[in-house]
Amino acid sequence: MSALFGETRTRVAASHALITDDGHVPSALPDFKDATPYFLIAPAMGADFTQLLIRFAARGSALLPAGELETALYVHAGSCKVRIGSESKVLTVGGYAFCPADTLLEISAARAGTAVTCFRKVFEPLEGWKCPEPVFGNAAKIKGKPFLGNPRALLKTLLPEDFRYDMAINIFTYEPGATLPFVETHLMEHGLLMLEGQGVYRLEEQYYPVKTGDVIWMAPYCPQWFVAMGDTPASYLYYKNVNRFA
């Protein structure tokens with residue numbers, strides 16, 4: 001897009017937003033070394049969670065202190081070491097982790113060009129249930145399941161599906177021409193990152209062309225629908241809040 005005339009595909013509305021990389025503005029945080037944070041979705045825009053992109057230089061590191069926020073992260077470029085409490089693992093592309101609230105999270109030893117997306121929210125305890133445990137994994141080891149029986153739209157669920165966890169992160173992959181089967185309208189809020197491919201996303205009454213690297217915020221009850229377009233599959237990573245009363 002041309003900056004000369006102030007053009008951008010970015011749009012921010014009351015109940016949704018499309019954030020494109022031409023408008024990313026870096027921030028600075030303590031305990032980030034050779035690591036640049038970008039707050040792409042945040043409570044300041046009306047969201048109840050934060051979607052944070054961190055880009056690393058060689059051997060970069062980032063420390064996210066223990067507190068009321070829990071964090072799910074996904075590595076979509078490069079590699080890094082992730083430490084949650086006393087446990088640590090090296091994550092490569094497709095690697096993901098979940099850090100419970102009140103637990104120190106450290107990302108270190110990053111390769112140059114490493115990019116990590118973090119979803120952070122205030123943990124909501126559920127009476128009678130234990131707190132969630134740390135999770136490490138890689139999306140490549142999870143088999144996608146046909147969404148509502150459609151083998152051309154595959155869903156990977158990355159975090160455990162039990163009531164201890166009040167957030168989910170999933171990966172949806174569509175063959176060209178595949179769609180969400182209906183316009184969804186629901187309680188859950190979404191943060192989304194296009195991992196590959198392209199398509200069109202309906203948000204409320206607007207239709208947006210989207211491609212790799214785009215970020216989308218969907219507030220509760222924002223009508224939403226997607227169709228994959230082009231010659232290759234389209235895939236996106238998304239967050240949603242789950243398993244709690246409204």
# chains A, B, ... in the order shown; residues from 1 in each chain; ligands from 1
$ select_by_dssp --residues "segment 46-108 of chain A" --states "strand (DSSP E)" --output "count of residues only"
43
$ residues_around --residues "Leu18 of chain A" --least-positions-apart "3" --cutoff "7 Å" --atoms "only C-alpha atoms" --output "ChimeraX atom specification"
/A:10-12,215-217
$ closest_atom_pairs --of "segment 25-129 of chain A" --to "segment 233-242 of chain A" --cutoff "12 Å" --atoms "only C-alpha atoms" --output "tab-separated table"
residue	atom	partner	partner_atom	distance
A:Ile41	CA	A:Tyr239	CA	11.6
A:Ala47	CA	A:Asn241	CA	11.5
A:Asp48	CA	A:Asn241	CA	9.3
A:Phe49	CA	A:Asn241	CA	9.1
A:Thr50	CA	A:Tyr239	CA	10.3
A:Gln51	CA	A:Tyr239	CA	9.0
A:Glu70	CA	A:Asn241	CA	11.9
A:Thr71	CA	A:Tyr239	CA	10.9
A:Ala72	CA	A:Tyr239	CA	8.8
A:Leu73	CA	A:Tyr239	CA	10.2
A:Tyr74	CA	A:Leu237	CA	8.6
A:Val75	CA	A:Leu237	CA	10.8
A:His76	CA	A:Leu237	CA	9.8
A:Gly94	CA	A:Leu237	CA	10.3
A:Tyr96	CA	A:Leu237	CA	11.1
A:Val116	CA	A:Leu237	CA	11.9
A:Thr117	CA	A:Leu237	CA	9.6
A:Cys118	CA	A:Tyr239	CA	9.7
A:Phe119	CA	A:Tyr239	CA	7.1
A:Arg120	CA	A:Tyr239	CA	9.7
A:Lys121	CA	A:Asn241	CA	8.9
A:Val122	CA	A:Asn241	CA	10.5
A:Phe123	CA	A:Asn241	CA	10.2
A:Glu124	CA	A:Asn241	CA	10.2
A:Leu126	CA	A:Val242	CA	11.7
$ closest_residue --among "A:Pro132, A:Pro176, A:Gly213, A:Gly67" --to "Thr232 of chain A" --atoms "only C-alpha atoms"
A:Pro176
$ closest_residue --among "A:Ala140, A:Cys99, A:Ala57, A:Leu52" --to "Leu69 of chain A" --atoms "only C-alpha atoms"
A:Cys99
$ atom_distance --atom1 "atom CA of Phe39 of chain A" --atom2 "atom CA of Gly23 of chain A"
11.5 Å
$ residues_around --residues "Tyr38 of chain A" --least-positions-apart "2" --cutoff "7 Å" --atoms "only C-alpha atoms" --output "PyMOL selection string"
chain A and resi 24-27+36+40+52-54
$ write_last_selection --atoms "C-alpha atoms" --output "CSV table (one decimal), in the first residue's frame"
chain,number,residue,atom,x,y,z
A,24,HIS,CA,2.9,-1.8,13.0
A,25,VAL,CA,4.5,0.5,15.6
A,26,PRO,CA,7.2,-0.9,18.0
A,27,SER,CA,7.0,-0.5,21.7
A,36,THR,CA,10.8,-5.7,19.9
A,40,LEU,CA,-1.6,-5.5,18.0
A,52,LEU,CA,1.5,-9.3,21.4
A,53,LEU,CA,3.9,-9.8,18.5
A,54,ILE,CA,7.6,-10.1,19.5
$ residues_around --residues "Gln206 of chain A" --least-positions-apart "2" --cutoff "12 Å" --atoms "only C-alpha atoms" --output "VMD selection string"
chain A and resid 11 to 13 15 to 18 200 to 204 208 to 209 222 to 226
$ atom_distance --atom1 "atom CA of Glu106 of chain A" --atom2 "atom CA of His190 of chain A"
24.8 Å
